[in-house]
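Pasted below: entry-v2.txt, compact mmCIF, C-alpha atoms and all ligand atoms.
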# COMPACT_ATOMS: atom_id res chain seq x y z
CA MET V 1 127.68 97.09 165.47
CA SER V 2 127.80 97.98 161.81
CA ASN V 3 131.15 98.89 160.32
CA PHE V 4 129.66 100.90 157.45
CA LYS V 5 131.57 104.04 158.40
CA ASN V 6 134.89 102.21 158.43
CA ARG V 7 134.19 100.62 155.11
CA LEU V 8 133.30 103.96 153.57
CA LYS V 9 136.48 105.48 155.04
CA ILE V 10 138.60 102.81 153.38
CA ILE V 11 136.92 103.49 150.01
CA LYS V 12 137.58 107.23 150.45
CA ASP V 13 141.18 106.76 151.60
CA GLU V 14 141.87 104.66 148.51
CA ASN V 15 140.35 107.30 146.19
CA ARG V 16 137.68 104.86 145.08
CA TYR V 17 134.72 106.85 146.43
CA ARG V 18 132.05 107.38 143.75
CA GLU V 19 130.02 110.57 143.58
CA ARG V 20 126.95 111.12 141.43
CA ILE V 21 126.77 114.20 139.23
CA SER V 22 123.23 115.58 138.78
CA LEU V 23 122.14 116.74 135.36
CA TYR V 24 119.65 119.61 135.26
CA SER V 25 118.78 119.08 131.62
CA ALA V 26 118.06 116.30 129.11
CA GLN V 27 120.81 113.85 128.20
CA ASP V 28 122.55 115.41 125.18
CA THR V 29 125.92 116.63 123.87
CA ILE V 30 125.49 119.80 125.96
CA VAL V 31 124.11 119.30 129.45
CA ARG V 32 123.50 121.51 132.50
CA VAL V 33 125.64 120.54 135.49
CA GLU V 34 126.22 122.60 138.64
CA GLY V 35 124.54 125.65 137.17
CA LYS V 36 126.44 125.75 133.90
CA SER V 37 126.40 124.18 130.44
CA VAL V 38 129.15 121.67 129.69
CA THR V 39 130.05 119.51 126.68
CA ASN V 40 129.22 115.95 127.51
CA PHE V 41 131.81 113.28 126.62
CA ALA V 42 130.55 110.97 129.35
CA SER V 43 127.48 109.38 127.83
CA ASN V 44 126.68 106.28 125.77
CA ASN V 45 124.10 108.29 123.84
CA TYR V 46 126.24 107.59 120.76
CA LEU V 47 123.74 108.71 118.12
CA SER V 48 122.45 111.60 120.23
CA LEU V 49 118.92 110.18 120.13
CA ALA V 50 118.04 110.35 123.85
CA ASN V 51 116.70 113.87 123.37
CA ASN V 52 115.68 113.60 119.71
CA LYS V 53 112.70 115.84 118.96
CA SER V 54 110.85 113.52 116.66
CA LEU V 55 111.31 110.49 118.95
CA LYS V 56 110.06 112.54 121.90
CA GLY V 57 106.90 113.33 119.91
CA ILE V 58 106.43 109.64 119.11
CA PHE V 59 106.96 108.74 122.78
CA LYS V 60 104.29 111.24 123.87
CA ASN V 61 101.80 109.72 121.43
CA PHE V 62 102.50 106.22 122.68
CA ILE V 63 102.06 107.38 126.27
CA GLU V 64 98.64 108.74 125.27
CA LYS V 65 97.81 105.33 123.84
CA TYR V 66 99.32 102.99 126.43
CA GLY V 67 99.66 105.11 129.59
CA ILE V 68 102.81 105.24 131.66
CA GLY V 69 103.47 101.99 133.49
CA SER V 70 103.17 98.39 132.30
CA GLY V 71 101.59 97.37 135.60
CA SER V 72 102.95 93.87 135.79
CA SER V 73 105.68 91.40 134.90
CA PRO V 74 105.60 90.05 131.33
CA LEU V 75 104.16 86.65 132.27
CA ILE V 76 101.28 88.15 134.25
CA SER V 77 99.86 91.06 132.21
CA GLY V 78 102.81 93.34 131.40
CA TYR V 79 103.51 91.90 127.93
CA ASN V 80 102.13 94.23 125.32
CA LYS V 81 101.78 93.74 121.56
CA GLU V 82 104.53 96.35 121.10
CA TYR V 83 106.93 93.92 122.75
CA LYS V 84 106.10 91.18 120.31
CA LYS V 85 106.43 93.58 117.37
CA LEU V 86 109.88 94.72 118.49
CA GLU V 87 111.05 91.17 119.23
CA LEU V 88 110.04 89.98 115.76
CA TYR V 89 111.59 93.05 114.14
CA ILE V 90 114.96 92.60 115.87
CA SER V 91 115.15 88.89 115.06
CA LYS V 92 114.66 89.67 111.38
CA LEU V 93 116.97 92.70 111.47
CA LEU V 94 119.89 90.69 112.84
CA GLY V 95 119.11 87.24 111.48
CA PHE V 96 118.33 85.32 114.67
CA GLU V 97 115.42 82.91 115.15
CA SER V 98 114.01 84.58 118.21
CA THR V 99 114.39 87.55 120.60
CA LEU V 100 113.40 88.42 124.16
CA ILE V 101 113.21 91.98 125.49
CA THR V 102 114.56 92.50 129.00
CA ASN V 103 114.46 95.43 131.42
CA SER V 104 118.17 96.28 131.08
CA GLY V 105 121.43 94.97 129.73
CA TYR V 106 122.56 94.11 133.23
CA LEU V 107 119.47 91.98 133.76
CA ALA V 108 119.82 90.42 130.31
CA ASN V 109 123.24 89.03 131.22
CA VAL V 110 122.28 88.01 134.74
CA GLY V 111 118.97 86.51 133.59
CA LEU V 112 120.54 84.59 130.72
CA LEU V 113 122.95 82.58 132.84
CA ASN V 114 120.37 82.29 135.60
CA ALA V 115 118.07 80.49 133.18
CA ILE V 116 120.44 78.24 131.31
CA SER V 117 123.14 77.28 133.83
CA GLU V 118 123.25 73.84 135.26
CA ARG V 119 125.60 72.49 137.87
CA GLU V 120 128.15 71.39 135.29
CA THR V 121 128.48 74.72 133.50
CA THR V 122 131.76 76.57 133.10
CA VAL V 123 131.85 80.09 131.69
CA PHE V 124 135.02 81.39 130.04
CA GLN V 125 135.23 85.14 130.18
CA ASP V 126 137.59 87.78 128.84
CA ARG V 127 139.31 89.49 131.80
CA LEU V 128 137.93 92.87 130.75
CA ASN V 129 134.30 91.81 130.34
CA HIS V 130 131.64 94.16 131.65
CA ASN V 131 130.69 93.66 135.29
CA SER V 132 127.18 92.43 134.37
CA ILE V 133 128.73 89.43 132.61
CA ILE V 134 131.17 88.65 135.40
CA GLU V 135 128.41 89.00 137.97
CA SER V 136 126.08 86.81 135.89
CA SER V 137 128.50 83.92 136.40
CA ARG V 138 128.92 84.60 140.10
CA LEU V 139 125.21 84.95 140.79
CA SER V 140 124.32 81.81 138.88
CA ARG V 141 127.12 79.95 140.68
CA THR V 142 128.67 78.60 137.49
CA ASN V 143 132.38 77.85 137.36
CA LEU V 144 134.03 81.02 136.16
CA ILE V 145 137.35 80.96 134.30
CA ARG V 146 138.77 84.25 133.04
CA TYR V 147 141.19 84.34 130.13
CA LYS V 148 143.73 87.07 129.37
CA HIS V 149 142.22 90.05 127.57
CA LEU V 150 141.75 89.24 123.85
CA ASP V 151 144.21 86.34 124.21
CA TYR V 152 142.49 83.49 122.37
CA GLU V 153 145.43 81.10 122.79
CA ASP V 154 144.97 81.46 126.53
CA LEU V 155 141.23 80.83 126.08
CA LEU V 156 141.85 77.76 123.93
CA SER V 157 144.32 76.30 126.37
CA LYS V 158 141.94 76.86 129.31
CA ILE V 159 138.85 75.59 127.53
CA THR V 160 140.58 72.47 126.22
CA LYS V 161 141.53 71.46 129.76
CA ALA V 162 138.01 71.97 131.15
CA LYS V 163 135.87 68.91 131.81
CA SER V 164 132.43 70.55 132.22
CA ALA V 165 129.41 69.20 130.38
CA THR V 166 128.44 72.73 129.24
CA LYS V 167 131.09 75.27 128.28
CA ILE V 168 130.24 78.86 127.44
CA ILE V 169 132.49 81.53 125.97
CA TYR V 170 131.13 84.93 126.98
CA THR V 171 132.51 88.21 125.68
CA ASP V 172 131.88 91.90 125.19
CA SER V 173 131.94 92.75 121.47
CA VAL V 174 133.28 96.27 122.12
CA PHE V 175 135.00 96.46 125.51
CA SER V 176 133.29 99.16 127.51
CA MET V 177 136.48 100.25 129.28
CA THR V 178 138.87 100.32 126.32
CA GLY V 179 136.84 100.52 123.10
CA GLU V 180 138.69 97.48 121.70
CA LYS V 181 136.78 94.91 119.65
CA ALA V 182 136.61 91.17 120.21
CA ASP V 183 137.23 88.90 117.20
CA ILE V 184 133.83 87.22 116.95
CA VAL V 185 134.80 84.92 114.07
CA ALA V 186 137.87 83.63 115.95
CA LEU V 187 135.74 83.04 119.05
CA SER V 188 133.11 81.23 117.03
CA ASN V 189 135.81 78.94 115.58
CA ILE V 190 137.03 78.13 119.09
CA ALA V 191 133.44 77.52 120.21
CA LYS V 192 132.88 75.09 117.33
CA LYS V 193 136.19 73.31 117.87
CA THR V 194 135.61 72.84 121.60
CA LYS V 195 131.85 72.19 121.41
CA SER V 196 131.15 75.30 123.46
CA LEU V 197 128.44 77.92 123.31
CA LEU V 198 129.29 81.52 122.37
CA PHE V 199 127.50 84.48 124.00
CA VAL V 200 128.27 87.99 122.76
CA ASP V 201 127.26 91.23 124.50
CA ASP V 202 127.06 93.95 121.85
CA ALA V 203 125.96 96.78 124.17
CA HIS V 204 128.46 99.20 122.60
CA GLY V 205 128.14 97.86 119.05
CA PHE V 206 124.37 97.72 118.41
CA GLY V 207 123.45 100.80 116.38
CA VAL V 208 127.13 101.85 116.28
CA LEU V 209 129.46 99.39 114.51
CA ARG V 210 129.14 100.00 110.81
CA LEU V 211 131.02 96.96 109.59
CA ASP V 212 128.79 96.44 106.55
CA LYS V 213 127.22 99.58 105.15
CA LYS V 214 124.15 97.76 103.84
CA ARG V 215 123.14 96.23 107.14
CA PHE V 216 122.05 97.61 110.50
CA PRO V 217 125.13 98.60 112.52
CA SER V 218 126.18 95.90 115.00
CA CYS V 219 129.04 93.49 115.61
CA VAL V 220 127.21 90.90 113.51
CA SER V 221 126.55 93.17 110.53
CA ASN V 222 129.46 91.70 108.55
CA ILE V 223 128.91 88.17 109.74
CA ASN V 224 126.99 85.32 108.14
CA LEU V 225 125.17 83.80 111.09
CA LYS V 226 124.68 80.54 109.18
CA LYS V 227 128.45 80.05 109.28
CA VAL V 228 129.45 81.91 112.41
CA LYS V 229 127.89 80.39 115.49
CA ILE V 230 126.55 82.85 118.08
CA ASP V 231 124.27 81.12 120.56
CA ALA V 232 123.16 84.26 122.37
CA TYR V 233 123.47 87.87 121.27
CA ILE V 234 122.78 90.58 123.86
CA ALA V 235 122.40 94.32 123.26
CA THR V 236 120.91 97.32 125.03
CA PHE V 237 118.59 100.16 124.05
CA GLY V 238 119.94 102.62 126.62
CA LYS V 239 123.02 103.50 124.60
CA ALA V 240 122.95 104.17 120.82
CA ILE V 241 119.19 103.63 120.55
CA GLY V 242 118.58 106.41 123.09
CA THR V 243 115.71 104.71 124.98
CA HIS V 244 115.83 102.02 127.67
CA GLY V 245 115.88 98.24 127.98
CA ALA V 246 117.77 95.45 126.30
CA PHE V 247 117.31 92.17 124.47
CA ILE V 248 118.70 88.69 123.97
CA SER V 249 118.53 87.00 120.56
CA GLY V 250 119.24 83.36 119.77
CA SER V 251 117.51 80.11 118.85
CA LYS V 252 113.79 79.58 119.56
CA ASP V 253 114.71 77.07 122.24
CA ILE V 254 117.08 79.28 124.19
CA ILE V 255 114.59 82.18 124.19
CA GLU V 256 111.75 79.85 125.23
CA LEU V 257 113.91 78.53 128.09
CA LEU V 258 114.56 82.10 129.22
CA ILE V 259 110.83 82.80 129.34
CA GLN V 260 110.34 79.66 131.42
CA LYS V 261 113.29 80.02 133.78
CA SER V 262 114.91 83.46 133.91
CA LYS V 263 114.04 84.89 137.33
CA PRO V 264 114.86 88.55 136.53
CA TYR V 265 112.52 88.20 133.54
CA ILE V 266 109.70 86.37 135.31
CA TYR V 267 109.67 88.37 138.55
CA SER V 268 110.16 91.97 137.46
CA THR V 269 107.66 94.52 136.13
CA ALA V 270 107.92 94.91 132.35
CA LEU V 271 109.16 98.19 130.88
CA PRO V 272 106.46 100.69 129.85
CA PRO V 273 105.01 99.76 126.44
CA ALA V 274 105.55 103.34 125.23
CA ILE V 275 109.32 102.92 125.67
CA ILE V 276 109.26 99.66 123.71
CA ALA V 277 107.19 101.16 120.88
CA THR V 278 109.50 104.21 120.74
CA THR V 279 112.53 101.92 120.67
CA LEU V 280 111.25 100.34 117.47
CA GLU V 281 110.83 103.78 115.91
CA SER V 282 114.36 104.73 117.01
CA ILE V 283 115.82 101.62 115.36
CA LYS V 284 113.90 102.42 112.17
CA MET V 285 115.22 105.99 112.32
CA ILE V 286 118.82 104.73 112.52
CA LYS V 287 118.16 102.57 109.45
CA ARG V 288 116.60 105.45 107.56
CA ASP V 289 118.75 108.43 108.54
CA LEU V 290 122.28 107.45 107.65
CA SER V 291 123.62 110.85 108.74
CA LEU V 292 123.38 109.70 112.39
CA ILE V 293 125.95 106.98 111.95
CA THR V 294 128.10 108.86 109.40
CA ASN V 295 128.37 111.84 111.79
CA LEU V 296 129.56 109.49 114.53
CA THR V 297 132.05 107.78 112.20
CA ASP V 298 133.35 111.20 111.09
CA ASN V 299 133.76 112.27 114.71
CA ILE V 300 135.70 109.12 115.56
CA ARG V 301 137.98 109.73 112.56
CA TYR V 302 138.41 113.39 113.47
CA PHE V 303 139.29 112.51 117.07
CA GLN V 304 141.92 110.05 115.83
CA GLU V 305 143.44 112.52 113.35
CA TYR V 306 143.46 115.56 115.60
CA SER V 307 144.84 113.72 118.63
CA SER V 308 147.67 112.16 116.61
CA LYS V 309 148.42 115.55 114.99
CA LYS V 310 148.64 117.07 118.47
CA LYS V 311 150.58 114.05 119.76
CA LEU V 312 148.06 113.28 122.49
CA LYS V 313 149.03 110.00 124.18
CA VAL V 314 145.61 108.42 123.87
CA ASN V 315 144.79 104.73 123.33
CA ILE V 316 143.15 105.26 119.98
CA SER V 317 140.32 102.87 119.14
CA ASP V 318 138.19 102.80 116.02
CA THR V 319 134.99 102.79 118.09
CA ALA V 320 133.19 105.59 119.93
CA ILE V 321 135.09 104.81 123.16
CA GLN V 322 138.54 106.40 123.53
CA THR V 323 140.71 106.18 126.64
CA LEU V 324 143.60 107.98 128.22
CA LYS V 325 145.53 105.92 130.74
CA ILE V 326 146.35 107.86 133.90
CA GLY V 327 147.26 105.02 136.26
CA ASN V 328 146.25 106.48 139.60
CA PRO V 329 142.78 107.24 140.94
CA LYS V 330 143.56 110.57 142.63
CA SER V 331 144.86 112.13 139.42
CA VAL V 332 141.80 110.83 137.55
CA ILE V 333 139.50 112.60 140.03
CA ASN V 334 141.49 115.84 139.77
CA ILE V 335 141.51 115.81 135.97
CA CYS V 336 137.75 115.30 135.78
CA LYS V 337 137.13 118.16 138.25
CA LYS V 338 139.45 120.46 136.30
CA ALA V 339 137.72 119.53 133.03
CA MET V 340 134.30 120.31 134.49
CA LYS V 341 135.51 123.77 135.54
CA GLN V 342 136.50 124.36 131.92
CA GLY V 343 133.13 123.21 130.58
CA ILE V 344 134.10 119.64 129.62
CA PHE V 345 132.31 116.68 131.17
CA ILE V 346 134.49 113.57 131.15
CA GLN V 347 134.41 110.59 133.50
CA GLY V 348 137.25 108.72 135.10
CA ILE V 349 137.13 104.97 135.38
CA ARG V 350 138.93 103.71 138.46
CA TYR V 351 139.79 100.46 140.18
CA PRO V 352 137.89 98.11 140.73
CA THR V 353 136.05 98.82 137.44
CA VAL V 354 139.45 98.58 135.72
CA PRO V 355 142.46 96.63 137.08
CA LYS V 356 144.66 98.38 139.71
CA ASP V 357 147.00 101.07 138.35
CA ASN V 358 145.02 101.19 135.09
CA ASP V 359 142.75 104.06 136.14
CA LEU V 360 141.78 106.02 133.07
CA ILE V 361 139.77 108.80 131.51
CA ARG V 362 137.07 107.51 129.18
CA ILE V 363 135.86 109.67 126.33
CA ASN V 364 132.61 108.76 124.64
CA LEU V 365 132.14 110.30 121.22
CA CYS V 366 128.62 110.93 119.90
CA SER V 367 127.19 111.88 116.54
CA GLY V 368 126.00 115.24 117.92
CA HIS V 369 129.49 116.46 118.89
CA THR V 370 130.96 119.21 116.74
CA LYS V 371 134.56 119.27 115.51
CA LYS V 372 135.13 122.36 117.66
CA GLN V 373 133.98 120.54 120.80
CA ILE V 374 136.32 117.63 120.01
CA GLN V 375 139.19 120.07 119.40
CA SER V 376 138.62 121.77 122.78
CA LEU V 377 138.60 118.39 124.50
CA ILE V 378 141.89 117.35 122.89
CA GLU V 379 143.53 120.73 123.69
CA PHE V 380 142.48 120.25 127.33
CA LEU V 381 143.86 116.69 127.48
CA ILE V 382 147.16 117.82 125.97
CA LYS V 383 147.54 120.51 128.63
CA ILE V 384 147.04 118.02 131.44
CA GLN V 385 149.65 115.70 129.90
CA GLU V 386 152.29 118.47 129.77
C1 LIG V 401 128.91 95.49 127.82
C2 LIG V 401 127.76 95.97 128.65
N1 LIG V 401 126.75 95.11 128.91
C3 LIG V 401 125.69 95.48 129.64
C4 LIG V 401 125.59 96.76 130.14
C5 LIG V 401 124.40 97.14 130.96
O1 LIG V 401 123.40 97.64 130.16
P1 LIG V 401 122.18 98.44 130.82
O2 LIG V 401 122.69 99.81 131.07
O3 LIG V 401 121.09 98.36 129.82
O4 LIG V 401 121.88 97.73 132.09
C6 LIG V 401 126.59 97.69 129.89
C7 LIG V 401 126.45 99.06 130.42
O5 LIG V 401 127.29 99.89 130.41
C8 LIG V 401 127.71 97.29 129.13
O6 LIG V 401 128.71 98.13 128.88

Taking this structure as input, can you express it in the form of C-alpha cells?
Amino acid sequence: MSNFKNRLKIIKDENRYRERISLYSAQDTIVRVEGKSVTNFASNNYLSLANNKSLKGIFKNFIEKYGIGSGSSPLISGYNKEYKKLELYISKLLGFESTLITNSGYLANVGLLNAISERETTVFQDRLNHNSIIESSRLSRTNLIRYKHLDYEDLLSKITKAKSATKIIYTDSVFSMTGEKADIVALSNIAKKTKSLLFVDDAHGFGVLRLDKKRFPSCVSNINLKKVKIDAYIATFGKAIGTHGAFISGSKDIIELLIQKSKPYIYSTALPPAIIATTLESIKMIKRDLSLITNLTDNIRYFQEYSSKKKLKVNISDTAIQTLKIGNPKSVINICKKAMKQGIFIQGIRYPTVPKDNDLIRINLCSGHTKKQIQSLIEFLIKIQE
C-alpha cells in the first residue's frame, strides 16, 4: 500500500509543506492575489518586463507570424530561424563562440552535464548552488563534491586531491537564496591551475549585474573572456528578460556536443518561436533603455540605505536579492501570511531549499517598485522583528 499520506503528514508536521499562491493578474510589481492587490516582492521579474506593454505588442505580432506552438523538438522541426538569430546575437553580446537555447534554466543545467559527463567526471559545487545544478550532477551520475559556501581554499584543497580525468567547477554567479556573488576570476584561476572546467550559472545576473556600464549587464560584463576562462555560461530568460527559456554559451565544440548528446534538448518540444523572437527584442530593449537597469540599481541602493537607517537586521546584498534570516519554518510561514494580509507579497524559503535552521524571507527587488513600496516593506519587517 502506498504511504503517500504518511509522507505528506511528515512534511506538514515539519512545516515544510509548500502551497501554491494563485495570481489573478499579470506578473508585475502589483498583482491580484486572493481578491486583493498586493505589492509583489516575490518575483524574479527584476526589470519588470514580464508585463511590458511594448513587448506584449511585439509578442502578439510574432504569434500572428509564427502561430503558438513550435510543434516539435529542435532536431525534428521545432528549430526556427528566430532561434538561430537569438543564439548568434547572444554569443556576440557576451563574447562566446557559440550559444544554444534551451527550454528552461533547470533543463540547461541538467542537459549540460547529461551531455558532457563521462564516467570519470567529478563536479565541484558550492554548497549553496541552485537545486538545478546539484540535481544535474545527481542525474548524470557524476561524482559530486560540495565545497563550503564561497570558500575557495576548501575548493582548492578538495580539487587538488581529486583524481578524476575531468574536473568541473560549477557555481551560481549570484546565489539565488542569499544574493551573494561568486568571485568568477578567482574560480577561473583555480580552474586553470587545476586543469578543470568552469561552468557559471548567471540566472540572477543576466540583464541585472551592471558591473561595466558600457556592456550588457551580466556577471561577465567586466571580464575579459580571453583571459578569464569560462567553459560554459548559463542564463535564463524567465527572470530579468521577462520571457521564458534559457541558454548555454561556450566553445563551438561544447555547444555542438550538447546538440548531439543532451537528452533534455533532443527529446523535448522546442519553445514557441514567438517567445524566442520576443526574447531578442527584450534583450535589445534592456540595451537601449538604460532607465530599466538604473531604476533597479536605485531601488537596491534605497533598500540598503533605508533598512540600515531603520536598523533592520537584514543580510544586505548589492544585488536584487535581499534576505532576512528567521531560522525556523513555522515563523517564516506566519510572517508571509501576515505580510499578505497587509498587502505585501513576500516568500519564505525553508529547509530543504536552504540548510536546516536557516529558513529565511527572500525579498526580490524590481525596477518597477516605488520608494514608497520599499518603505512599507521595510516598516513591516521592522515590526515583525520587534
Ligand atoms: C541559479 C538558477 N539556475 C537555474 C534556475 C532555473 O531557471 P528556470 O526557471 O529557467 O528553469 C534558477 C531558477 O530560479 C536559478 O535560480

For chain V versus ligand LIG 401 (chain V), which residues have an atom no more than 6 Å away, and what is each residue's nearest atom pair and distance in Å rounded to one decimal, using only C-alpha atoms and all ligand atoms, chain-then-number order, as CSV?
residue,atom,partner,partner_atom,distance
V:Ser104,CA,V:LIG401,O3,3.8
V:Gly105,CA,V:LIG401,O1,3.3
V:Tyr106,CA,V:LIG401,O4,3.9
V:His130,CA,V:LIG401,C1,4.9
V:Ser132,CA,V:LIG401,C3,5.8
V:Asp172,CA,V:LIG401,C1,5.4
V:Ser176,CA,V:LIG401,O6,4.9
V:Asp201,CA,V:LIG401,C1,5.6
V:Ala203,CA,V:LIG401,C1,4.9
V:Thr236,CA,V:LIG401,O3,4.9
V:Gly238,CA,V:LIG401,O3,5.5
V:Gly245,CA,V:LIG401,O3,5.5
V:Ala246,CA,V:LIG401,O3,5.6

Taking C-alpha atoms for each residue, export the selection above as a compact mmCIF listing (two decimals), in the coordinates of the input.
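Generated output (again-v2.txt):
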# COMPACT_ATOMS: atom_id res chain seq x y z
CA SER V 104 118.17 96.28 131.08
CA GLY V 105 121.43 94.97 129.73
CA TYR V 106 122.56 94.11 133.23
CA HIS V 130 131.64 94.16 131.65
CA SER V 132 127.18 92.43 134.37
CA ASP V 172 131.88 91.90 125.19
CA SER V 176 133.29 99.16 127.51
CA ASP V 201 127.26 91.23 124.50
CA ALA V 203 125.96 96.78 124.17
CA THR V 236 120.91 97.32 125.03
CA GLY V 238 119.94 102.62 126.62
CA GLY V 245 115.88 98.24 127.98
CA ALA V 246 117.77 95.45 126.30

Please, which residues are within 12 Å of (134.2, 74.5, 119.8) by the file's coordinates, counting all atoms listed in the file, and could they come as a short mmCIF file (atom, residue, chain, number, x, y, z; two decimals) with C-alpha atoms, keeping the file's coordinate frame?
data_model
loop_
_atom_site.label_atom_id
_atom_site.label_comp_id
_atom_site.auth_asym_id
_atom_site.auth_seq_id
_atom_site.Cartn_x
_atom_site.Cartn_y
_atom_site.Cartn_z
CA LEU V 155 141.23 80.83 126.08
CA LEU V 156 141.85 77.76 123.93
CA ILE V 159 138.85 75.59 127.53
CA THR V 160 140.58 72.47 126.22
CA THR V 166 128.44 72.73 129.24
CA LYS V 167 131.09 75.27 128.28
CA ILE V 168 130.24 78.86 127.44
CA ILE V 169 132.49 81.53 125.97
CA VAL V 185 134.80 84.92 114.07
CA ALA V 186 137.87 83.63 115.95
CA LEU V 187 135.74 83.04 119.05
CA SER V 188 133.11 81.23 117.03
CA ASN V 189 135.81 78.94 115.58
CA ILE V 190 137.03 78.13 119.09
CA ALA V 191 133.44 77.52 120.21
CA LYS V 192 132.88 75.09 117.33
CA LYS V 193 136.19 73.31 117.87
CA THR V 194 135.61 72.84 121.60
CA LYS V 195 131.85 72.19 121.41
CA SER V 196 131.15 75.30 123.46
CA LEU V 197 128.44 77.92 123.31
CA LEU V 198 129.29 81.52 122.37
CA VAL V 228 129.45 81.91 112.41
CA LYS V 229 127.89 80.39 115.49
CA ILE V 230 126.55 82.85 118.08
CA ASP V 231 124.27 81.12 120.56
#

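From CA of Leu211 (chain V) back to CA of Ala235 (chain V), the distance works out to 16.4 Å.
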
## Note on the structure
note - CA of Val200 (chain V) and CA of Lys226 (chain V) are separated by 15.9 Å

Can you build me a table of region 31-111 of chain V residues sitting at most 10 Å from region 286-297 of chain V, with the closest atom pair per residue and its distance in Å to one decimal, using all atoms listed in the file, sorted by chain and residue number, as JSON lines?
{"residue": "V:Tyr46", "atom": "CA", "partner": "V:Leu296", "partner_atom": "CA", "distance": 7.3}
{"residue": "V:Leu47", "atom": "CA", "partner": "V:Leu292", "partner_atom": "CA", "distance": 5.8}
{"residue": "V:Ser48", "atom": "CA", "partner": "V:Leu292", "partner_atom": "CA", "distance": 8.1}
{"residue": "V:Leu49", "atom": "CA", "partner": "V:Leu292", "partner_atom": "CA", "distance": 8.9}

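Contact shell of Leu365 (chain V) at 8 Å (only C-alpha atoms; same-chain neighbours under 6 positions omitted): Phe41, Tyr46, Leu296, Asn299, Ile300, Ala320, Ile321 and Gln322 of chain V.
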
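Minimum distance to Ile63 (chain V) across V:Ala277, V:Lys325, V:Gly35, V:Lys163 (counting all atoms listed in the file) occurs at V:Ala277.
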
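Neighbouring residues of region 342-344 of chain V at 12 Å or closer, counting all atoms listed in the file and skipping chain neighbours under 5 positions away, are Thr29, Ile30, Val31, Arg32, Val33, Glu34, Gly35, Lys36, Ser37, Val38, Thr39, Asn40, Phe41, Ala42, Ile335, Cys336, Lys337, Ile363, Gln373, Ile374, Gln375, Ser376, Leu377, Ile378, Glu379, Phe380 and Leu381 of chain V.
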
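The gap separating CA of Leu312 (chain V) from CA of Pro329 (chain V) is 20.1 Å, in Å to one decimal.
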
### Task
Please identify all polymer residues within 7 Å of Leu75 (chain V), counting only C-alpha atoms, omitting same-chain residues fewer than 3 positions from it, and present them as a PyMOL selection string.
chain V and resi 78-79+266

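Residue nearest Ser367 (chain V) within the list V:Ala50, V:Leu55, V:Ile90, V:Ile326: V:Ala50 [criterion: smallest interatomic distance, only C-alpha atoms].
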
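In terms of minimum interatomic distance to Lys81 (chain V), V:Pro273 ranks closest within V:Asn364, V:Pro273, V:Lys310, V:Lys383, counting all atoms listed in the file.
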
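In this comparison, which uses only C-alpha atoms, the residue of V:Asn143, V:Tyr170, V:Ile21, V:Thr243 approaching Glu118 (chain V) most closely is V:Asn143.
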
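Distances to Leu280 (chain V) were evaluated for V:Arg350, V:Lys84, V:Lys371, V:Lys313 using all atoms listed in the file, and the minimum falls at V:Lys84.
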
Nearby residues (only C-alpha atoms) at most 7 Å from region 217-223 of chain V, same-chain spacing under 2 positions excluded, as a short mmCIF file (atom, residue, chain, number, x, y, z; two decimals) with C-alpha atoms, keeping the file's coordinate frame:
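And here is the file that came out, part-v9.cif:
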data_model
loop_
_atom_site.label_atom_id
_atom_site.label_comp_id
_atom_site.auth_asym_id
_atom_site.auth_seq_id
_atom_site.Cartn_x
_atom_site.Cartn_y
_atom_site.Cartn_z
CA SER V 173 131.94 92.75 121.47
CA ASP V 202 127.06 93.95 121.85
CA GLY V 205 128.14 97.86 119.05
CA PHE V 206 124.37 97.72 118.41
CA GLY V 207 123.45 100.80 116.38
CA VAL V 208 127.13 101.85 116.28
CA LEU V 209 129.46 99.39 114.51
CA ARG V 210 129.14 100.00 110.81
CA LEU V 211 131.02 96.96 109.59
CA ASP V 212 128.79 96.44 106.55
CA ARG V 215 123.14 96.23 107.14
CA LEU V 225 125.17 83.80 111.09
CA VAL V 228 129.45 81.91 112.41
#

### Summary
Counting only C-alpha atoms, the residue among V:His204, V:Lys181, V:Lys85, V:Arg141 that lies closest to Phe237 (chain V) is V:His204

Please identify all polymer residues within 9 Å of Lys330 (chain V), counting all atoms listed in the file, omitting same-chain residues fewer than 3 positions from it, and present them as a short mmCIF file (atom, residue, chain, number, x, y, z; two decimals) with C-alpha atoms, in the coordinates of the input.
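Everything below was put into result_33.cif:
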data_model
loop_
_atom_site.label_atom_id
_atom_site.label_comp_id
_atom_site.auth_asym_id
_atom_site.auth_seq_id
_atom_site.Cartn_x
_atom_site.Cartn_y
_atom_site.Cartn_z
CA GLU V 14 141.87 104.66 148.51
CA ASN V 15 140.35 107.30 146.19
CA ARG V 16 137.68 104.86 145.08
CA ILE V 333 139.50 112.60 140.03
CA ASN V 334 141.49 115.84 139.77
CA ILE V 335 141.51 115.81 135.97
#

Show me, as lines of an AutoDock Vina configuration file, the centre and edge lengths in Å to one decimal of the axis-aligned box that covers every listed atom of region 365-384 of chain V with 4 Å on each side.
center_x = 136.8
center_y = 116.3
center_z = 123.5
size_x = 29.5
size_y = 20.1
size_z = 23.9

### Message
Around the point (106.2, 97.0, 132.8) (coordinates from the file), which residues reach within 8 Å if we count all atoms listed in the file? Answer as a PyMOL selection string.
### Response
chain V and resi 69-74+78-79+268-273

Output requested as a tab-separated table (two decimals), in the frame of the given file - region 94-99 of chain V, filled out with N, CA and C atoms.
chain	number	residue	atom	x	y	z
V	94	LEU	N	118.55	91.23	112.59
V	94	LEU	CA	119.89	90.69	112.84
V	94	LEU	C	120.09	89.29	112.27
V	95	GLY	N	119.00	88.59	112.04
V	95	GLY	CA	119.11	87.24	111.48
V	95	GLY	C	119.12	86.14	112.53
V	96	PHE	N	118.46	86.38	113.66
V	96	PHE	CA	118.33	85.32	114.67
V	96	PHE	C	116.91	84.75	114.62
V	97	GLU	N	116.75	83.54	115.17
V	97	GLU	CA	115.42	82.91	115.15
V	97	GLU	C	114.44	83.63	116.05
V	98	SER	N	114.95	84.07	117.21
V	98	SER	CA	114.01	84.58	118.21
V	98	SER	C	114.69	85.62	119.11
V	99	THR	N	113.86	86.45	119.76
V	99	THR	CA	114.39	87.55	120.60
V	99	THR	C	113.52	87.73	121.83
